[in-house]
file work07.cif (mmCIF, C-alpha atoms and all ligand atoms)
data_target
#
loop_
_atom_site.label_atom_id
_atom_site.label_comp_id
_atom_site.auth_asym_id
_atom_site.auth_seq_id
_atom_site.Cartn_x
_atom_site.Cartn_y
_atom_site.Cartn_z
CA GLN A 1 -25.54 105.03 99.07
CA ALA A 2 -22.27 105.05 97.17
CA LYS A 3 -20.66 106.93 100.03
CA GLN A 4 -21.91 104.42 102.55
CA LEU A 5 -20.57 101.59 100.45
CA GLY A 6 -17.21 103.31 100.30
CA THR A 7 -17.10 103.74 104.07
CA ASN A 8 -17.95 100.10 104.66
CA LYS A 9 -15.33 99.08 102.21
CA TYR A 10 -12.72 101.15 103.99
CA ALA A 11 -13.75 99.76 107.37
CA PHE A 12 -13.56 96.25 105.95
CA TYR A 13 -10.07 96.69 104.55
CA SER A 14 -8.67 98.44 107.59
CA ARG A 15 -9.95 95.77 109.97
CA ASP A 16 -8.58 93.11 107.64
CA LEU A 17 -5.17 94.73 107.54
CA GLY A 18 -5.10 95.20 111.31
CA GLU A 19 -5.93 91.56 111.80
CA ARG A 20 -3.26 90.46 109.38
CA LEU A 21 -0.67 92.63 111.12
CA ARG A 22 -1.63 91.19 114.49
CA GLU A 23 -1.39 87.62 113.17
CA ARG A 24 1.96 88.38 111.68
CA MET A 25 3.27 89.81 114.99
CA VAL A 26 2.07 86.71 116.84
CA ARG A 27 3.82 84.50 114.27
CA GLU A 28 7.00 86.50 114.50
CA SER A 29 7.21 86.40 118.28
CA GLY A 30 6.41 82.68 118.16
CA LEU A 31 9.26 82.12 115.74
CA HIS A 32 11.69 83.94 118.03
CA ARG A 33 11.19 81.18 120.61
CA ALA A 34 10.75 78.27 118.22
CA LEU A 35 14.38 77.09 118.25
CA GLU A 36 14.75 77.09 122.04
CA ARG A 37 11.35 75.42 122.40
CA ASP A 38 12.42 72.73 119.96
CA GLU A 39 9.41 73.34 117.71
CA PHE A 40 11.21 72.85 114.39
CA PHE A 41 11.71 69.47 112.80
CA LEU A 42 12.65 68.14 109.38
CA GLU A 43 10.92 65.96 106.84
CA TYR A 44 12.75 64.24 103.99
CA GLN A 45 11.34 63.86 100.50
CA PRO A 46 12.88 61.06 98.39
CA LYS A 47 14.46 61.73 94.99
CA ILE A 48 14.25 58.83 92.53
CA ALA A 49 16.93 57.99 89.93
CA VAL A 50 15.17 57.29 86.62
CA GLN A 51 17.81 54.76 85.50
CA THR A 52 17.50 52.46 88.51
CA GLY A 53 14.06 53.38 89.83
CA MET A 54 15.67 53.62 93.25
CA VAL A 55 15.94 56.35 95.84
CA CYS A 56 19.13 58.31 95.18
CA GLY A 57 18.67 61.20 97.55
CA MET A 58 16.45 63.14 99.89
CA GLU A 59 15.54 66.81 100.30
CA ALA A 60 15.32 68.11 103.87
CA LEU A 61 12.25 70.31 104.37
CA LEU A 62 11.72 72.47 107.43
CA ARG A 63 8.55 72.07 109.50
CA TRP A 64 7.21 74.20 112.37
CA GLN A 65 4.79 72.88 114.97
CA PRO A 66 4.23 75.55 117.63
CA THR A 67 3.64 73.95 121.05
CA THR A 68 0.78 76.35 121.74
CA GLN A 69 -1.10 75.45 118.60
CA GLY A 70 -2.72 72.37 117.20
CA SER A 71 -1.60 72.48 113.61
CA GLN A 72 1.65 73.01 111.75
CA VAL A 73 2.33 76.33 110.09
CA SER A 74 3.08 76.17 106.36
CA PRO A 75 6.68 76.93 105.26
CA SER A 76 5.27 79.39 102.72
CA GLU A 77 3.97 81.37 105.69
CA PHE A 78 6.84 81.19 108.19
CA ILE A 79 9.93 81.07 105.95
CA PRO A 80 9.35 84.58 104.54
CA ILE A 81 9.13 85.86 108.16
CA LEU A 82 12.39 84.09 109.04
CA GLU A 83 13.97 85.73 105.98
CA GLU A 84 12.64 89.25 106.64
CA THR A 85 13.82 89.17 110.27
CA GLY A 86 17.18 87.57 109.50
CA MET A 87 16.33 84.60 111.75
CA ILE A 88 16.75 82.34 108.70
CA VAL A 89 20.54 82.41 109.19
CA GLU A 90 20.35 80.76 112.61
CA VAL A 91 17.46 78.47 111.67
CA GLY A 92 19.16 77.60 108.36
CA ASN A 93 22.26 76.55 110.29
CA TRP A 94 20.08 74.39 112.53
CA VAL A 95 18.60 72.75 109.40
CA LEU A 96 22.05 72.07 107.94
CA GLU A 97 23.38 70.58 111.16
CA THR A 98 20.28 68.53 111.96
CA ALA A 99 20.05 67.12 108.43
CA CYS A 100 23.77 66.24 108.31
CA ARG A 101 23.58 64.51 111.69
CA GLN A 102 20.58 62.50 110.53
CA HIS A 103 22.42 61.59 107.34
CA LEU A 104 25.41 60.39 109.38
CA LEU A 105 23.15 58.29 111.59
CA TRP A 106 21.66 56.71 108.47
CA GLN A 107 25.15 55.96 107.15
CA GLN A 108 26.01 54.26 110.43
CA GLN A 109 22.82 52.20 110.11
CA GLY A 110 23.91 51.00 106.67
CA MET A 111 21.76 53.15 104.40
CA PRO A 112 23.45 53.66 101.00
CA PRO A 113 25.23 57.04 100.64
CA LEU A 114 22.30 59.03 99.29
CA THR A 115 22.64 62.72 98.44
CA LEU A 116 21.18 65.03 101.06
CA SER A 117 19.76 68.28 99.62
CA VAL A 118 19.25 71.32 101.85
CA ASN A 119 17.47 74.52 100.80
CA ILE A 120 19.46 77.72 101.26
CA SER A 121 17.68 81.07 101.42
CA ALA A 122 19.08 84.10 99.60
CA VAL A 123 19.48 85.86 102.95
CA GLN A 124 21.51 82.94 104.28
CA PHE A 125 23.62 82.81 101.13
CA HIS A 126 24.47 86.50 101.21
CA ALA A 127 25.01 86.60 104.99
CA GLY A 128 28.67 86.22 104.10
CA ASN A 129 30.12 83.19 105.81
CA LEU A 130 28.35 80.28 104.12
CA PRO A 131 31.60 78.68 102.82
CA GLU A 132 33.06 78.78 106.37
CA THR A 133 29.82 77.46 107.83
CA ILE A 134 29.84 74.55 105.39
CA ALA A 135 33.52 73.80 106.03
CA ALA A 136 32.86 73.68 109.78
CA LEU A 137 29.78 71.52 109.22
CA ILE A 138 31.75 68.96 107.19
CA GLN A 139 34.45 68.93 109.88
CA GLN A 140 32.02 68.54 112.77
CA THR A 141 29.57 66.04 111.30
CA GLY A 142 31.95 64.10 109.08
CA ILE A 143 29.44 64.01 106.21
CA ALA A 144 31.05 63.06 102.89
CA PRO A 145 31.07 66.37 100.95
CA ASP A 146 29.76 64.75 97.76
CA CYS A 147 26.70 63.58 99.74
CA LEU A 148 25.70 67.18 100.46
CA CYS A 149 23.84 69.34 97.93
CA LEU A 150 22.76 72.94 98.47
CA GLU A 151 19.55 74.01 96.69
CA LEU A 152 19.83 77.67 95.71
CA THR A 153 17.23 79.86 94.07
CA GLU A 154 17.68 81.76 90.84
CA SER A 155 17.25 85.00 92.79
CA ILE A 156 20.45 84.15 94.72
CA VAL A 157 22.60 83.56 91.71
CA MET A 158 21.40 86.57 89.75
CA GLN A 159 22.34 89.01 92.51
CA ASP A 160 25.83 90.50 92.58
CA ILE A 161 27.27 88.07 90.02
CA GLU A 162 31.01 88.43 90.73
CA GLN A 163 30.61 87.91 94.45
CA THR A 164 28.18 85.03 93.89
CA VAL A 165 30.45 83.22 91.44
CA ALA A 166 33.33 83.52 93.94
CA THR A 167 31.19 82.16 96.79
CA LEU A 168 29.92 79.30 94.62
CA HIS A 169 33.49 78.33 93.76
CA ARG A 170 34.48 78.36 97.44
CA LEU A 171 31.54 76.03 98.14
CA ARG A 172 32.14 73.76 95.17
CA GLU A 173 35.87 73.44 95.98
CA GLN A 174 34.88 71.67 99.16
CA GLY A 175 33.35 68.90 97.06
CA ILE A 176 29.67 69.60 97.77
CA LYS A 177 27.03 69.74 95.04
CA LEU A 178 25.17 72.91 94.01
CA SER A 179 21.66 72.95 92.58
CA ILE A 180 19.36 75.64 91.25
CA ASP A 181 15.87 75.10 92.69
CA ASP A 182 12.60 76.08 90.97
CA PHE A 183 14.53 76.53 87.73
CA GLY A 184 12.66 78.42 85.04
CA THR A 185 10.73 80.72 87.36
CA GLY A 186 13.46 83.34 87.65
CA TYR A 187 15.51 85.24 85.15
CA SER A 188 18.75 83.30 84.85
CA SER A 189 20.95 84.51 82.08
CA LEU A 190 22.53 81.64 80.16
CA ASN A 191 25.74 83.60 80.07
CA TYR A 192 25.93 83.68 83.87
CA LEU A 193 24.83 80.08 84.26
CA GLN A 194 27.82 78.74 82.38
CA ARG A 195 30.16 80.66 84.69
CA MET A 196 28.75 79.00 87.78
CA PRO A 197 30.13 75.73 89.13
CA LEU A 198 26.71 74.07 89.39
CA THR A 199 25.93 70.36 89.41
CA GLU A 200 22.12 70.26 89.13
CA LEU A 201 19.00 72.04 87.89
CA LYS A 202 15.56 71.37 89.35
CA ILE A 203 12.71 72.01 86.94
CA ASP A 204 10.00 73.91 88.79
CA ARG A 205 6.75 72.17 89.65
CA SER A 206 4.71 74.76 87.74
CA PHE A 207 6.06 73.35 84.45
CA VAL A 208 5.89 69.69 85.47
CA MET A 209 2.27 70.23 86.54
CA ASN A 210 1.20 71.01 82.97
CA LEU A 211 2.87 67.99 81.37
CA PRO A 212 2.28 66.25 79.09
CA GLN A 213 -0.55 68.29 77.49
CA ASP A 214 0.59 71.89 77.56
CA THR A 215 2.83 72.69 74.57
CA SER A 216 4.58 75.62 76.23
CA ALA A 217 5.35 73.54 79.34
CA ILE A 218 6.80 70.88 77.01
CA ALA A 219 8.92 73.51 75.27
CA ILE A 220 10.28 74.83 78.57
CA VAL A 221 11.02 71.37 79.97
CA ASP A 222 12.73 70.38 76.72
CA SER A 223 14.90 73.46 76.74
CA VAL A 224 15.94 72.91 80.38
CA LEU A 225 16.84 69.31 79.50
CA THR A 226 18.89 70.45 76.50
CA LEU A 227 20.59 73.16 78.52
CA SER A 228 21.46 70.73 81.31
CA LYS A 229 22.91 68.27 78.85
CA SER A 230 25.15 70.89 77.28
CA LEU A 231 26.28 72.23 80.67
CA ASN A 232 26.70 68.66 81.94
CA LEU A 233 24.27 69.10 84.83
CA THR A 234 21.96 66.63 86.52
CA VAL A 235 18.28 67.44 85.89
CA VAL A 236 15.63 66.82 88.52
CA ALA A 237 11.91 67.31 87.98
CA GLU A 238 10.03 68.40 91.11
CA GLY A 239 6.32 68.02 91.81
CA VAL A 240 5.79 64.85 89.76
CA GLU A 241 2.27 63.73 90.63
CA THR A 242 1.06 61.51 87.79
CA PRO A 243 2.41 58.43 85.95
CA GLN A 244 1.94 60.38 82.70
CA GLN A 245 4.29 63.12 83.89
CA ALA A 246 6.84 60.51 85.03
CA ALA A 247 6.61 58.67 81.69
CA PHE A 248 7.09 61.89 79.73
CA LEU A 249 10.13 62.93 81.78
CA THR A 250 11.63 59.44 81.62
CA ALA A 251 11.27 59.35 77.83
CA ARG A 252 13.11 62.67 77.65
CA GLN A 253 15.93 61.35 79.83
CA CYS A 254 15.37 63.54 82.84
CA HIS A 255 17.77 62.07 85.46
CA GLN A 256 15.78 62.25 88.69
CA LEU A 257 12.15 62.60 89.71
CA GLN A 258 10.65 63.90 92.93
CA GLY A 259 7.01 64.33 93.85
CA TYR A 260 3.89 62.98 95.50
CA LEU A 261 3.69 60.17 92.89
CA PHE A 262 6.65 58.56 94.65
CA SER A 263 6.35 60.00 98.13
CA ARG A 264 5.38 63.01 100.16
CA PRO A 265 8.02 64.43 102.51
CA LEU A 266 8.46 61.89 105.34
CA GLY A 267 9.60 61.90 108.94
CA ALA A 268 12.97 60.21 109.53
CA ALA A 269 11.50 56.82 110.51
CA ALA A 270 9.07 56.77 107.58
CA PHE A 271 11.90 57.73 105.22
CA GLU A 272 13.96 54.77 106.44
CA ALA A 273 11.03 52.45 105.81
CA PHE A 274 10.53 53.93 102.34
CA VAL A 275 14.17 53.41 101.34
CA ASP A 276 14.12 49.86 102.64
CA PHE A 277 10.92 49.11 100.76
CA SER A 278 12.02 50.72 97.50
CA CYS A 279 15.30 48.73 97.59
CA LYS A 280 13.44 45.46 98.04
CA THR A 281 11.00 46.10 95.21
CA VAL A 282 13.76 46.80 92.71
CA ARG A 283 16.07 43.94 93.70
P1 LIG B 1 11.05 73.73 97.41
O1 LIG B 1 12.45 73.67 97.90
O2 LIG B 1 10.86 73.94 95.95
O3 LIG B 1 10.40 72.36 97.91
C1 LIG B 1 9.37 71.70 97.23
C2 LIG B 1 8.02 71.92 97.86
O4 LIG B 1 7.03 71.28 97.09
C3 LIG B 1 7.89 71.36 99.27
O5 LIG B 1 6.93 72.18 99.95
C4 LIG B 1 7.29 69.98 98.99
O6 LIG B 1 6.58 69.45 100.09
C5 LIG B 1 6.36 70.31 97.85
N1 LIG B 1 6.12 69.17 96.96
C6 LIG B 1 6.94 68.13 96.68
N2 LIG B 1 6.37 67.28 95.78
C7 LIG B 1 5.17 67.81 95.47
C8 LIG B 1 4.11 67.40 94.58
O7 LIG B 1 4.16 66.37 93.90
N3 LIG B 1 3.01 68.23 94.52
C9 LIG B 1 2.92 69.36 95.27
N4 LIG B 1 1.82 70.10 95.15
N5 LIG B 1 3.90 69.78 96.10
C10 LIG B 1 5.02 69.02 96.20
P2 LIG B 1 7.18 72.74 101.40
O8 LIG B 1 7.82 71.70 102.26
O9 LIG B 1 5.90 73.36 101.85
O10 LIG B 1 8.27 73.87 101.18
C11 LIG B 1 7.99 75.00 100.42
C12 LIG B 1 9.22 75.81 100.19
O11 LIG B 1 9.74 76.31 101.42
C13 LIG B 1 10.38 75.00 99.58
O12 LIG B 1 10.22 74.89 98.19
C14 LIG B 1 11.56 75.87 99.96
O13 LIG B 1 11.70 76.94 99.07
C15 LIG B 1 11.13 76.42 101.31
N6 LIG B 1 11.81 75.64 102.36
C16 LIG B 1 11.46 74.46 102.94
N7 LIG B 1 12.36 74.07 103.87
C17 LIG B 1 13.32 75.03 103.86
C18 LIG B 1 14.56 75.22 104.59
O14 LIG B 1 15.00 74.40 105.42
N8 LIG B 1 15.27 76.36 104.32
C19 LIG B 1 14.86 77.26 103.38
N9 LIG B 1 15.61 78.37 103.18
N10 LIG B 1 13.73 77.12 102.68
C20 LIG B 1 12.98 76.01 102.90
MG MG B 2 14.10 72.73 97.27
MG MG B 3 11.89 73.41 94.35
MG MG B 4 9.33 74.82 94.48
#
call {"tool": "encode", "arguments": {"input": "work07.cif", "output": "structure tokens"}}
result
Amino acid sequence: QAKQLGTNKYAFYSRDLGERLRERMVRESGLHRALERDEFFLEYQPKIAVQTGMVCGMEALLRWQPTTQGSQVSPSEFIPILEETGMIVEVGNWVLETACRQHLLWQQQGMPPLTLSVNISAVQFHAGNLPETIAALIQQTGIAPDCLCLELTESIVMQDIEQTVATLHRLREQGIKLSIDDFGTGYSSLNYLQRMPLTELKIDRSFVMNLPQDTSAIAIVDSVLTLSKSLNLTVVAEGVETPQQAAFLTARQCHQLQGYLFSRPLGAAAFEAFVDFSCKTVR
């Protein structure tokens, strides 16, 4: 009976793996055509300045709606495939350009000069020509450099330190902002951090989630706040979902908040309406 169980188990796993591989191949070939089929679009999640209670920026988030399928595919599923295949470089450039053009349009429509944050994958960062890409982008779209912020992951900045520091300087010299996303989940060395021309740290949602009860989450959040203050960086808390979390972070002088409590990521039109609304309520 044990043997039979073992056989079934093997059959189960092998069919499961085969299915997963097939799904993955379908996804991958779908992604190859996604750009030309115009299946990508962006949503924008507001960032709120604690001092004013107003929207001070937006994070562009990539979305994929395959034409052949009813529902959207989650970024956590398709972004790793884009990274593994190298397609993230081309798609990442599309994100940068699309987001900057939208930002420009908003400027022309009279929206205040909010900071536009764009996520940059490690693959994209190390592809080699990011500083040139950004320079060309600023030239072509005319976005004010200090309105553009790149969100980098800790894994980017802890790889090949000398090269990374040089690239970060070449980016920062252009006047754009540089943020470390999901801060606290990686292994940043404090020694390296102070060598990097950063402007912002984003406290990862996994810590914010456990506020204000969990004492170790409090300790981590406090130490990120202290670190940011001493390095003169803006601190943003991501994934703020409850008024209690917002109150805690406000009391500790976190600069900006982002999360479902304020707004989910929004399409361009909905974002415009949100900014309009949030200005009126404060004034
Ligand atoms: P991220 O950059 O840390 O973005 C935050 C994620 O948390 C987004 O998920 C956002 O929708 C979600 N989120 C925001 N507030 C809350 C909240 O209060 N509660 C919860 N539960 N979630 C919240 P999304 O859009 O699924 O993106 C996931 C990740 O995919 C992003 O994490 C980012 O690493 C990556 N990503 C998204 N767009 C791009 C892109 O254009 N390029 C690259 N390279 N990566 C991207
Ligand atoms: Mg981000
Ligand atoms: Mg994040
Ligand atoms: Mg995150």
call {"tool": "residues_around", "arguments": {"input": "work07.cif", "residues": "Gln258 of chain A", "least_positions_apart": "5", "cutoff": "12 Å", "atoms": "only C-alpha atoms", "output": "mmCIF file with C-alpha atoms, in the coordinates of the input"}}
result
data_model
loop_
_atom_site.group_PDB
_atom_site.id
_atom_site.type_symbol
_atom_site.label_atom_id
_atom_site.label_comp_id
_atom_site.auth_asym_id
_atom_site.auth_seq_id
_atom_site.Cartn_x
_atom_site.Cartn_y
_atom_site.Cartn_z
ATOM 1 C CA TYR A 44 12.750 64.240 103.990
ATOM 2 C CA GLN A 45 11.340 63.860 100.500
ATOM 3 C CA PRO A 46 12.880 61.060 98.390
ATOM 4 C CA LYS A 47 14.460 61.730 94.990
ATOM 5 C CA ILE A 48 14.250 58.830 92.530
ATOM 6 C CA ALA A 49 16.930 57.990 89.930
ATOM 7 C CA VAL A 50 15.170 57.290 86.620
ATOM 8 C CA GLY A 53 14.060 53.380 89.830
ATOM 9 C CA MET A 54 15.670 53.620 93.250
ATOM 10 C CA VAL A 55 15.940 56.350 95.840
ATOM 11 C CA CYS A 56 19.130 58.310 95.180
ATOM 12 C CA GLY A 57 18.670 61.200 97.550
ATOM 13 C CA MET A 58 16.450 63.140 99.890
ATOM 14 C CA GLU A 59 15.540 66.810 100.300
ATOM 15 C CA LYS A 202 15.560 71.370 89.350
ATOM 16 C CA ILE A 203 12.710 72.010 86.940
ATOM 17 C CA ASP A 204 10.000 73.910 88.790
ATOM 18 C CA ARG A 205 6.750 72.170 89.650
ATOM 19 C CA VAL A 208 5.890 69.690 85.470
ATOM 20 C CA VAL A 235 18.280 67.440 85.890
ATOM 21 C CA VAL A 236 15.630 66.820 88.520
ATOM 22 C CA ALA A 237 11.910 67.310 87.980
ATOM 23 C CA GLU A 238 10.030 68.400 91.110
ATOM 24 C CA GLY A 239 6.320 68.020 91.810
ATOM 25 C CA VAL A 240 5.790 64.850 89.760
ATOM 26 C CA GLU A 241 2.270 63.730 90.630
ATOM 27 C CA THR A 242 1.060 61.510 87.790
ATOM 28 C CA GLN A 245 4.290 63.120 83.890
ATOM 29 C CA ALA A 246 6.840 60.510 85.030
ATOM 30 C CA LEU A 249 10.130 62.930 81.780
ATOM 31 C CA SER A 263 6.350 60.000 98.130
ATOM 32 C CA ARG A 264 5.380 63.010 100.160
ATOM 33 C CA PRO A 265 8.020 64.430 102.510
#
call {"tool": "axis_aligned_box", "arguments": {"input": "work07.cif", "around": "segment 40-52 of chain A", "padding_each_side": "5 Å", "output": "JSON"}}
result
{"center_x": 14.4, "center_y": 62.7, "center_z": 99.9, "size_x": 16.9, "size_y": 30.4, "size_z": 38.9}
call {"tool": "residues_around", "arguments": {"input": "work07.cif", "residues": "Glu154 of chain A", "least_positions_apart": "5", "cutoff": "8 Å", "atoms": "only C-alpha atoms", "output": "PyMOL selection string"}}
result
chain A and resi 180-183+185-188
call {"tool": "atom_distance", "arguments": {"input": "work07.cif", "atom1": "atom CA of Asp276 of chain A", "atom2": "atom CA of Met111 of chain A"}}
result
8.5 Å
call {"tool": "residues_around", "arguments": {"input": "work07.cif", "residues": "Leu178 of chain A", "least_positions_apart": "6", "cutoff": "10 Å", "atoms": "all atoms listed in the file", "output": "ChimeraX atom specification"}}
result
/A:117-118,148-152,168-169,171-172,196-201,233
call {"tool": "residues_around", "arguments": {"input": "work07.cif", "residues": "segment 74-91 of chain A", "least_positions_apart": "4", "cutoff": "9 Å", "atoms": "all atoms listed in the file", "output": "PyMOL selection string"}}
result
chain A and resi 24+27-28+31-32+35+40+61-64+95-96+121-125+127
call {"tool": "write_last_selection", "arguments": {"input": "work07.cif", "atoms": "C-alpha atoms", "output": "JSON list (two decimals), in the frame of the given file"}}
result
[["chain", "number", "residue", "atom", "x", "y", "z"],
["A", 24, "ARG", "CA", 1.96, 88.38, 111.68],
["A", 27, "ARG", "CA", 3.82, 84.50, 114.27],
["A", 28, "GLU", "CA", 7.00, 86.50, 114.50],
["A", 31, "LEU", "CA", 9.26, 82.12, 115.74],
["A", 32, "HIS", "CA", 11.69, 83.94, 118.03],
["A", 35, "LEU", "CA", 14.38, 77.09, 118.25],
["A", 40, "PHE", "CA", 11.21, 72.85, 114.39],
["A", 61, "LEU", "CA", 12.25, 70.31, 104.37],
["A", 62, "LEU", "CA", 11.72, 72.47, 107.43],
["A", 63, "ARG", "CA", 8.55, 72.07, 109.50],
["A", 64, "TRP", "CA", 7.21, 74.20, 112.37],
["A", 95, "VAL", "CA", 18.60, 72.75, 109.40],
["A", 96, "LEU", "CA", 22.05, 72.07, 107.94],
["A", 121, "SER", "CA", 17.68, 81.07, 101.42],
["A", 122, "ALA", "CA", 19.08, 84.10, 99.60],
["A", 123, "VAL", "CA", 19.48, 85.86, 102.95],
["A", 124, "GLN", "CA", 21.51, 82.94, 104.28],
["A", 125, "PHE", "CA", 23.62, 82.81, 101.13],
["A", 127, "ALA", "CA", 25.01, 86.60, 104.99]]
call {"tool": "atom_distance", "arguments": {"input": "work07.cif", "atom1": "atom CA of Thr215 of chain A", "atom2": "atom CA of Ala251 of chain A"}}
result
16.1 Å
call {"tool": "atom_distance", "arguments": {"input": "work07.cif", "atom1": "atom CA of Ile138 of chain A", "atom2": "atom CA of Cys100 of chain A"}}
result
8.5 Å
call {"tool": "residues_around", "arguments": {"input": "work07.cif", "residues": "Leu104 of chain A", "least_positions_apart": "4", "cutoff": "12 Å", "atoms": "only C-alpha atoms", "output": "list in words"}}
result
Glu97, Thr98, Ala99, Cys100, Gln108, Gln109, Gly110, Met111, Pro112, Pro113, Leu114, Thr115, Leu116, Leu137, Ile138, Gln140, Thr141, Gly142, Ile143, Ala144, Pro145, Cys147 and Leu148 of chain A
